[in-house]
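Colleague: Pasting target-v2.csv below, which is CSV, C-alpha atoms.
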```csv
chain,number,residue,atom,x,y,z
A,25,MET,CA,-196.5,-6.5,181.3
A,26,ASN,CA,-197.6,-10.0,182.3
A,27,ARG,CA,-195.3,-12.9,183.0
A,28,THR,CA,-195.8,-14.6,179.6
A,29,MET,CA,-194.9,-11.4,177.8
A,30,LYS,CA,-191.8,-11.0,179.9
A,31,LYS,CA,-190.7,-14.5,179.0
A,32,PHE,CA,-191.3,-13.9,175.3
A,33,SER,CA,-189.3,-10.7,175.5
A,34,LEU,CA,-186.4,-12.5,177.0
A,35,ILE,CA,-186.5,-15.1,174.4
A,36,ALA,CA,-186.6,-12.5,171.6
A,37,MET,CA,-183.7,-10.6,173.1
A,38,ALA,CA,-181.6,-13.7,173.5
A,39,ALA,CA,-182.2,-14.6,169.9
A,40,LEU,CA,-181.3,-11.1,168.6
A,41,ILE,CA,-178.2,-10.4,170.6
A,42,PRO,CA,-175.8,-12.7,168.7
A,43,ALA,CA,-177.4,-11.7,165.3
A,44,CYS,CA,-176.8,-8.0,166.0
A,45,ALA,CA,-173.3,-8.5,167.2
A,46,SER,CA,-172.0,-9.2,163.6
A,47,GLN,CA,-173.9,-6.8,161.4
A,48,PRO,CA,-171.9,-5.1,158.7
A,49,PRO,CA,-170.9,-1.5,159.6
A,50,HIS,CA,-173.3,1.3,158.8
A,51,THR,CA,-172.0,2.9,155.6
A,52,ASP,CA,-174.5,5.8,155.1
A,53,ILE,CA,-171.9,8.4,156.1
A,54,ALA,CA,-171.2,11.6,154.3
A,55,GLN,CA,-167.4,11.2,154.6
A,56,LEU,CA,-167.7,8.0,152.5
A,57,ASP,CA,-169.7,9.6,149.7
A,58,GLU,CA,-166.7,10.1,147.3
A,59,ALA,CA,-165.4,6.6,147.8
A,60,ARG,CA,-169.0,5.2,147.4
A,61,ALA,CA,-169.5,7.1,144.1
A,62,LEU,CA,-166.1,6.0,142.8
A,63,ILE,CA,-166.7,2.4,143.7
A,64,ALA,CA,-170.1,2.5,141.9
A,65,LYS,CA,-168.5,4.1,138.9
A,66,ALA,CA,-165.8,1.4,138.8
A,67,LYS,CA,-168.4,-1.3,139.2
A,68,ALA,CA,-170.4,0.2,136.3
A,69,ALA,CA,-167.3,0.1,134.2
A,70,GLY,CA,-166.9,-3.6,134.8
A,71,ALA,CA,-164.3,-3.5,137.5
A,72,GLU,CA,-165.7,-6.5,139.4
A,73,GLN,CA,-164.8,-8.6,136.3
A,74,CYS,CA,-161.7,-6.8,134.8
A,75,ALA,CA,-160.1,-5.3,138.0
A,76,ALA,CA,-161.4,-7.7,140.6
A,77,GLU,CA,-158.6,-7.5,143.1
A,78,ARG,CA,-158.4,-3.7,143.0
A,79,GLN,CA,-162.2,-3.3,143.3
A,80,ALA,CA,-162.3,-5.7,146.2
A,81,GLU,CA,-159.6,-3.7,147.9
A,82,ALA,CA,-161.6,-0.5,147.4
A,83,VAL,CA,-164.7,-2.1,148.9
A,84,ALA,CA,-162.9,-3.8,151.8
A,85,LYS,CA,-161.3,-0.5,152.7
A,86,PHE,CA,-164.6,1.2,152.4
A,87,TYR,CA,-166.1,-1.1,155.0
A,88,ALA,CA,-163.0,-0.7,157.2
A,89,ALA,CA,-163.4,3.0,157.0
A,90,ALA,CA,-167.1,2.7,157.8
A,91,HIS,CA,-166.2,0.7,160.8
A,92,GLU,CA,-163.8,3.3,162.0
A,93,PHE,CA,-166.4,6.0,161.7
A,94,SER,CA,-168.8,3.8,163.7
A,95,GLU,CA,-166.4,4.1,166.6
A,96,GLY,CA,-166.7,7.8,166.7
A,97,ASN,CA,-163.7,10.1,166.2
A,98,ILE,CA,-161.2,7.9,168.1
A,99,HIS,CA,-158.8,7.4,165.2
A,100,PRO,CA,-159.3,10.3,162.8
A,101,ASP,CA,-156.0,9.6,161.0
A,102,GLU,CA,-157.0,6.0,160.5
A,103,GLN,CA,-160.4,7.1,159.1
A,104,ALA,CA,-158.8,9.5,156.7
A,105,ASN,CA,-156.2,6.9,155.6
A,106,LEU,CA,-158.8,4.2,154.9
A,107,VAL,CA,-161.1,6.6,153.0
A,108,ALA,CA,-158.1,7.7,150.9
A,109,ALA,CA,-157.0,4.1,150.3
A,110,SER,CA,-160.5,3.2,149.2
A,111,ILE,CA,-160.7,6.1,146.9
A,112,LYS,CA,-157.3,5.4,145.4
A,113,ALA,CA,-158.1,1.7,144.9
A,114,ALA,CA,-161.5,2.6,143.3
A,115,LYS,CA,-159.8,5.0,140.9
A,116,GLN,CA,-157.3,2.4,139.9
A,117,ALA,CA,-160.0,-0.2,139.5
A,118,TYR,CA,-161.9,2.2,137.3
A,119,GLY,CA,-158.9,2.9,135.1
A,120,GLN,CA,-158.0,-0.8,134.9
A,121,ALA,CA,-161.6,-1.7,134.0
A,122,MET,CA,-161.7,1.0,131.3
A,123,ARG,CA,-158.5,-0.5,129.8
A,124,GLY,CA,-159.3,-4.1,130.3
A,125,CYS,CA,-163.1,-4.4,129.9
A,126,LYS,CA,-163.4,-2.6,126.6
A,127,PRO,CA,-163.7,-5.2,123.9
A,128,GLU,CA,-161.5,-4.9,120.8
A,129,ILE,CA,-163.8,-3.4,118.2
A,130,ILE,CA,-163.5,-3.9,114.5
A,131,ALA,CA,-165.5,-1.0,113.1
A,132,LEU,CA,-167.4,-1.6,109.9
A,133,GLU,CA,-167.3,1.9,108.7
A,134,GLY,CA,-169.4,2.2,105.6
A,135,VAL,CA,-172.0,-0.4,106.3
A,136,TYR,CA,-175.3,1.2,105.7
A,137,PHE,CA,-178.9,0.0,105.4
A,138,GLU,CA,-181.9,1.4,103.6
A,139,THR,CA,-183.9,3.7,105.8
A,140,ASN,CA,-186.1,1.8,108.3
A,141,SER,CA,-184.9,-1.4,106.8
A,142,ALA,CA,-182.5,-4.2,107.4
A,143,GLU,CA,-181.5,-4.4,103.7
A,144,LEU,CA,-177.8,-3.6,103.1
A,145,THR,CA,-177.0,-0.9,100.6
A,146,SER,CA,-174.8,-2.0,97.7
A,147,ALA,CA,-172.0,0.3,99.0
A,148,SER,CA,-171.8,-1.8,102.2
A,149,ILE,CA,-170.8,-5.0,100.3
A,150,THR,CA,-167.2,-3.9,99.8
A,151,VAL,CA,-166.9,-3.2,103.6
A,152,LEU,CA,-168.4,-6.6,104.5
A,153,ASP,CA,-166.1,-8.4,102.0
A,154,HIS,CA,-163.2,-6.8,103.7
A,155,ALA,CA,-164.6,-7.9,107.1
A,156,VAL,CA,-164.7,-11.5,105.7
A,157,ASP,CA,-161.0,-11.2,104.8
A,158,VAL,CA,-160.1,-9.9,108.3
A,159,LEU,CA,-162.1,-12.8,110.0
A,160,ASN,CA,-160.5,-15.4,107.7
A,161,LYS,CA,-157.0,-14.0,108.5
A,162,ARG,CA,-157.8,-14.0,112.2
A,163,SER,CA,-159.4,-17.4,112.3
A,164,GLY,CA,-158.9,-17.8,116.1
A,165,ILE,CA,-161.2,-15.0,117.1
A,166,LYS,CA,-165.0,-15.0,117.7
A,167,VAL,CA,-166.9,-11.8,117.3
A,168,GLU,CA,-170.3,-10.4,118.1
A,169,VAL,CA,-171.9,-8.4,115.3
A,170,ALA,CA,-173.2,-5.4,117.2
A,171,SER,CA,-175.7,-3.0,115.5
A,172,HIS,CA,-176.7,0.4,116.8
A,173,THR,CA,-179.2,3.1,115.9
A,174,ASP,CA,-179.5,6.8,116.7
A,175,SER,CA,-182.1,7.9,119.1
A,176,ARG,CA,-184.8,8.9,116.7
A,177,GLY,CA,-188.0,6.8,116.9
A,178,LYS,CA,-189.2,4.5,119.6
A,179,ALA,CA,-186.5,2.7,121.7
A,180,THR,CA,-188.3,-0.7,121.2
A,181,TYR,CA,-188.5,-0.2,117.4
A,182,ASN,CA,-184.8,0.8,117.3
A,183,GLU,CA,-183.8,-2.2,119.3
A,184,ALA,CA,-185.8,-4.6,117.0
A,185,LEU,CA,-184.4,-2.9,113.9
A,186,SER,CA,-180.8,-3.1,115.1
A,187,ALA,CA,-181.3,-6.7,116.0
A,188,LEU,CA,-182.5,-7.4,112.4
A,189,ARG,CA,-179.6,-5.5,111.0
A,190,ALA,CA,-177.0,-7.3,113.1
A,191,LYS,CA,-178.6,-10.6,112.0
A,192,ARG,CA,-178.4,-9.5,108.4
A,193,VAL,CA,-174.7,-8.7,108.6
A,194,MET,CA,-174.1,-12.0,110.4
A,195,ASP,CA,-175.9,-13.9,107.6
A,196,TYR,CA,-173.7,-12.1,105.0
A,197,LEU,CA,-170.6,-13.1,106.8
A,198,THR,CA,-171.6,-16.8,107.2
A,199,THR,CA,-172.8,-17.0,103.6
A,200,HIS,CA,-169.3,-15.8,102.5
A,201,GLY,CA,-167.4,-18.4,104.4
A,202,VAL,CA,-167.1,-17.3,108.1
A,203,ASP,CA,-168.0,-20.2,110.4
A,204,ALA,CA,-171.3,-19.4,112.2
A,205,SER,CA,-169.9,-20.8,115.4
A,206,ARG,CA,-167.6,-17.8,115.5
A,207,LEU,CA,-170.3,-15.3,115.3
A,208,SER,CA,-173.2,-14.0,117.3
A,209,ALA,CA,-175.5,-11.0,116.6
A,210,HIS,CA,-176.9,-8.4,118.9
A,211,GLY,CA,-179.0,-5.3,118.4
A,212,TYR,CA,-178.3,-2.6,120.9
A,213,GLY,CA,-180.8,-0.1,119.5
A,214,GLU,CA,-180.0,3.4,120.8
A,215,THR,CA,-178.6,2.4,124.1
A,216,GLN,CA,-174.9,2.8,123.3
A,217,PRO,CA,-174.3,6.1,121.5
A,218,ILE,CA,-170.8,7.2,120.8
A,219,ALA,CA,-171.7,10.7,119.7
A,220,ASP,CA,-174.3,13.4,120.4
A,221,ASN,CA,-177.8,12.5,119.1
A,222,ALA,CA,-178.8,16.1,119.0
A,223,THR,CA,-176.8,16.7,115.8
A,224,SER,CA,-177.1,15.0,112.4
A,225,ALA,CA,-173.4,14.3,112.4
A,226,GLY,CA,-173.6,12.7,115.8
A,227,ARG,CA,-176.6,10.6,114.8
A,228,ALA,CA,-174.8,9.4,111.7
A,229,LYS,CA,-171.9,8.2,113.9
A,230,ASN,CA,-174.3,6.5,116.3
A,231,ARG,CA,-175.9,4.5,113.4
A,232,ARG,CA,-173.2,1.9,113.1
A,233,VAL,CA,-172.3,-1.8,112.9
A,234,GLU,CA,-169.2,-3.1,114.6
A,235,LEU,CA,-167.6,-6.4,115.3
A,236,ARG,CA,-166.7,-6.9,118.9
A,237,VAL,CA,-164.0,-9.4,119.5
A,238,ARG,CA,-165.0,-11.8,122.3
B,682,MET,CA,-193.7,-24.5,180.2
B,683,ARG,CA,-190.9,-23.1,182.3
B,684,ILE,CA,-188.6,-25.8,181.1
B,685,MET,CA,-189.4,-25.0,177.5
B,686,ILE,CA,-188.6,-21.4,178.0
B,687,VAL,CA,-185.3,-22.2,179.6
B,688,ILE,CA,-184.4,-24.5,176.7
B,689,ALA,CA,-185.4,-21.8,174.2
B,690,LEU,CA,-183.2,-19.3,176.0
B,691,LEU,CA,-180.3,-21.6,175.8
B,692,ILE,CA,-180.8,-22.8,172.2
B,693,PHE,CA,-181.6,-19.5,170.4
B,694,PRO,CA,-178.2,-17.8,171.0
B,695,PHE,CA,-176.3,-20.9,170.1
B,696,THR,CA,-178.2,-21.6,166.8
B,697,ALA,CA,-177.7,-18.0,165.8
B,698,SER,CA,-174.0,-18.3,166.6
B,699,ALA,CA,-173.6,-21.6,164.7
B,700,GLY,CA,-170.1,-21.8,163.3
B,701,LYS,CA,-168.8,-19.3,165.7
B,702,PHE,CA,-167.3,-21.8,168.1
B,703,LEU,CA,-164.2,-21.7,165.9
B,704,SER,CA,-161.8,-18.9,166.5
B,705,VAL,CA,-161.7,-16.0,164.1
B,706,GLU,CA,-158.3,-17.0,163.0
B,707,ASP,CA,-159.5,-20.5,162.2
B,708,ARG,CA,-162.5,-19.1,160.3
B,709,ALA,CA,-160.2,-16.8,158.4
B,710,GLU,CA,-158.0,-19.8,157.4
B,711,ILE,CA,-161.1,-21.7,156.2
B,712,VAL,CA,-162.2,-18.7,154.1
B,713,LYS,CA,-158.8,-18.3,152.5
B,714,GLU,CA,-158.7,-22.1,151.8
B,715,GLN,CA,-162.2,-21.9,150.4
B,716,VAL,CA,-161.3,-19.2,147.8
B,717,LYS,CA,-157.7,-20.4,147.1
B,718,GLY,CA,-157.0,-20.1,143.4
B,719,ASN,CA,-160.2,-18.2,142.9
B,720,ASP,CA,-159.6,-14.9,141.1
B,721,SER,CA,-163.1,-13.5,141.2
B,722,TYR,CA,-164.1,-10.2,142.8
B,723,GLN,CA,-166.0,-12.0,145.7
B,724,ALA,CA,-163.0,-14.2,146.3
B,725,HIS,CA,-160.6,-11.2,146.6
B,726,LEU,CA,-163.1,-9.5,148.8
B,727,ALA,CA,-163.4,-12.5,151.1
B,728,ARG,CA,-159.6,-12.7,151.4
B,729,LYS,CA,-159.3,-9.0,152.3
B,730,LEU,CA,-162.2,-9.0,154.8
B,731,ALA,CA,-160.7,-12.2,156.4
B,732,SER,CA,-157.4,-10.3,156.8
B,733,PHE,CA,-159.2,-7.4,158.4
B,734,ALA,CA,-160.8,-9.8,160.8
B,735,GLU,CA,-157.5,-11.2,161.8
B,736,GLU,CA,-156.0,-7.7,162.3
B,737,GLU,CA,-158.9,-6.9,164.6
B,738,VAL,CA,-158.2,-10.0,166.7
B,739,TYR,CA,-154.6,-8.8,167.0
B,740,GLN,CA,-155.9,-5.4,168.1
B,741,HIS,CA,-158.0,-7.0,170.7
B,742,ASP,CA,-161.3,-6.1,169.2
B,743,PRO,CA,-163.2,-9.4,169.0
B,744,GLN,CA,-166.5,-7.8,168.2
B,745,THR,CA,-165.2,-6.1,165.1
B,746,ALA,CA,-163.4,-9.2,164.1
B,747,GLN,CA,-166.7,-11.1,164.2
B,748,VAL,CA,-168.2,-8.5,161.9
B,749,PHE,CA,-165.5,-8.8,159.3
B,750,ILE,CA,-165.2,-12.6,159.4
B,751,LYS,CA,-168.9,-12.9,158.9
B,752,MET,CA,-168.7,-10.6,155.9
B,753,ALA,CA,-165.7,-12.6,154.6
B,754,GLU,CA,-167.6,-15.8,154.9
B,755,GLU,CA,-170.5,-14.4,153.0
B,756,ALA,CA,-168.3,-13.1,150.2
B,757,ALA,CA,-166.5,-16.6,150.1
B,758,ALA,CA,-169.9,-18.2,149.8
B,759,LYS,CA,-170.8,-15.9,146.9
B,760,ALA,CA,-167.4,-16.6,145.2
B,761,GLY,CA,-168.5,-20.3,145.1
B,762,ASN,CA,-166.5,-22.2,142.6
B,763,ALA,CA,-166.0,-19.5,140.0
B,764,LYS,CA,-162.3,-19.8,139.4
```
Hey, can you dump this file as structure tokens for me?
Modeller:
Amino acid sequence: MNRTMKKFSLIAMAALIPACASQPPHTDIAQLDEARALIAKAKAAGAEQCAAERQAEAVAKFYAAAHEFSEGNIHPDEQANLVAASIKAAKQAYGQAMRGCKPEIIALEGVYFETNSAELTSASITVLDHAVDVLNKRSGIKVEVASHTDSRGKATYNEALSALRAKRVMDYLTTHGVDASRLSAHGYGETQPIADNATSAGRAKNRRVELRVR
Amino acid sequence: MRIMIVIALLIFPFTASAGKFLSVEDRAEIVKEQVKGNDSYQAHLARKLASFAEEEVYQHDPQTAQVFIKMAEEAAAKAGNAK
């Protein structure tokens, strides 16, 4: 190695030493798998929004545990305690998120459309008129009209169809006196089933319109 | 050329360590002040990591304290002004 190379190596090492000294702990450790999975599950359930403190505790303890593991087996009790604490907090965050993140849903049971169409059936009108009454009584709430399909057909088609149906319901509500500023419409297509799409009964449940209180 | 190398050797570590001239405890206080009143996930995470950093100082592990305070500062920066 010539002198110039040696000098550059020294410079590079000098630059890297302080950067390496404060890297986050390595977390790809099998003993952390359960905590990692639970944290991810809680996050997916919306824990960062609805159970922020508990989720942060789970993640912080997860990193603290990872740090303990990085030191070898010096403090096995501490490692176990931190992993257990992370798991416990993640479970609590998940439970809290499931309770707190779920929007209040006003189901519009009985709202149906013609097949492959956004045209409301006549039987749906009674249900929507009832929804107008509910929204007029609860004048302080805003809602999202959420429309869903079953899984038959192409996902893109289902999404577009559900968006049209949600808009159709929203239009009905606004033309019957609900202020448009209180409403929004969203078509979720087949992405949020509540029943098994393998059965006709399940598919019927999945084809639905609901009002999500925001 | 030699002078430039010496200057580079001196400057690189200090620029990489910018902000680390303060003690970990001081940096933890700054983090906590920065996220005061902020109820977001990142703010909570910043507070907890800053507390871990302080604990590590008390346990005479400055290197680990540096790791956690840096993570706390990053979380606080992400928390921003979302209160």
Colleague: Residues within 9 Å of B:Glu735, please, as an NGL selection string. Count all atoms listed in the file; anything in the same chain fewer than 4 positions from it doesn't count.
Modeller: :B and (705-706 or 709 or 730-731 or 739-740 or 746 or 749-750)
Colleague: Give the answer as one residue: which of B:Lys713, B:Lys751, B:His741, B:Arg708 has the shortest atom-to-atom distance to chain A, using only C-alpha atoms?
Modeller: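 Result for the nearest residue to chain A: B:Lys751.
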Colleague: Between B:Ala734, B:Glu710, B:Ala760, B:Ser721, which is the closest to chain A once you count all atoms listed in the file?
Modeller: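 Result for the nearest residue to chain A: B:Ser721.
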Colleague: Contacts of B:Ala758 at 9 Å or less, counting only C-alpha atoms, minus same-chain residues fewer than 2 places along, as a list in words?
Modeller: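 What passes the distance filter is Val712, Gln715, Val716, Gln723, Ala724, Ala727, Ala753, Glu754, Glu755, Ala756, Ala760, Gly761 and Asn762 of chain B.
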Colleague: Might you pull out every residue within 12 Å of A:Cys74, with all atoms listed in the file counted and same-chain residues fewer than 3 positions away left off, and present them as JSON, numbers by chain?
Modeller: {"A": [66, 67, 68, 69, 70, 71, 77, 78, 79, 80, 116, 117, 118, 119, 120, 121, 122, 123, 124, 125, 126, 127], "B": [720, 721, 722]}
Colleague: So that I can check the surroundings of A:Glu102, please list as a ChimeraX atom specification every protein, DNA and RNA residue that reaches within 12 Å of it, counting only C-alpha atoms and ignoring chain neighbours fewer than 5 positions away.
Modeller: /A:85,88-93,95-97,107-109
Colleague: List the neighbours of A:Asn182 out to 7 Å using all atoms listed in the file; skip same-chain residues closer than 6 positions along the sequence, and give me the result as a ChimeraX atom specification.
Modeller: /A:173,213-214
Colleague: Between A:Thr51, A:Ala64, A:Ala76, A:Glu58, which one has atoms that come closest to chain B, using all atoms listed in the file?
Modeller: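 Of A:Thr51, A:Ala64, A:Ala76, A:Glu58, the one nearest chain B is A:Ala76, counting all atoms listed in the file.
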Colleague: Any idea what the distance is between atom CA of A:Tyr181 and atom CA of A:Ala142?
Modeller: 12.3 Å
Colleague: With all atoms listed in the file as the atoms that count, which of A:Ala75, A:Leu207, A:Ile53, A:Val151 lies nearest to chain B?
Modeller: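 Counting all atoms listed in the file, the residue closest to chain B is A:Ala75.
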Colleague: So how many Å separate atom CA of A:Glu143 and atom CA of A:Ser186, to one decimal?
Modeller: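 Atom CA of A:Ser186 lies 11.5 Å from atom CA of A:Glu143.
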Colleague: So how many Å separate atom CA of A:Gln55 and atom CA of B:Ala757, to one decimal?
Modeller: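 Those two atoms sit 28.2 Å apart.
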Colleague: Can you work out which one of B:Lys759, B:Ser732, B:Leu726, B:Gln744 has the shortest atom-to-atom distance to B:Asp707, counting all atoms listed in the file?
Modeller: B:Ser732
Colleague: So, with all atoms listed in the file as the atoms that count, which of B:Pro743, B:Val738, B:His725, B:Leu703 lies closest to chain A?
Modeller: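 Looking only at the distances to chain A, the closest residue turns out to be B:His725.
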Colleague: Could you check which residues have any atom within 10 Å of (-182.5, -4.9, 116.9), counting all atoms listed in the file with coordinates taken straight from the file, and then list them as a ChimeraX atom specification?
Modeller: /A:142,170-173,179-191,209-214
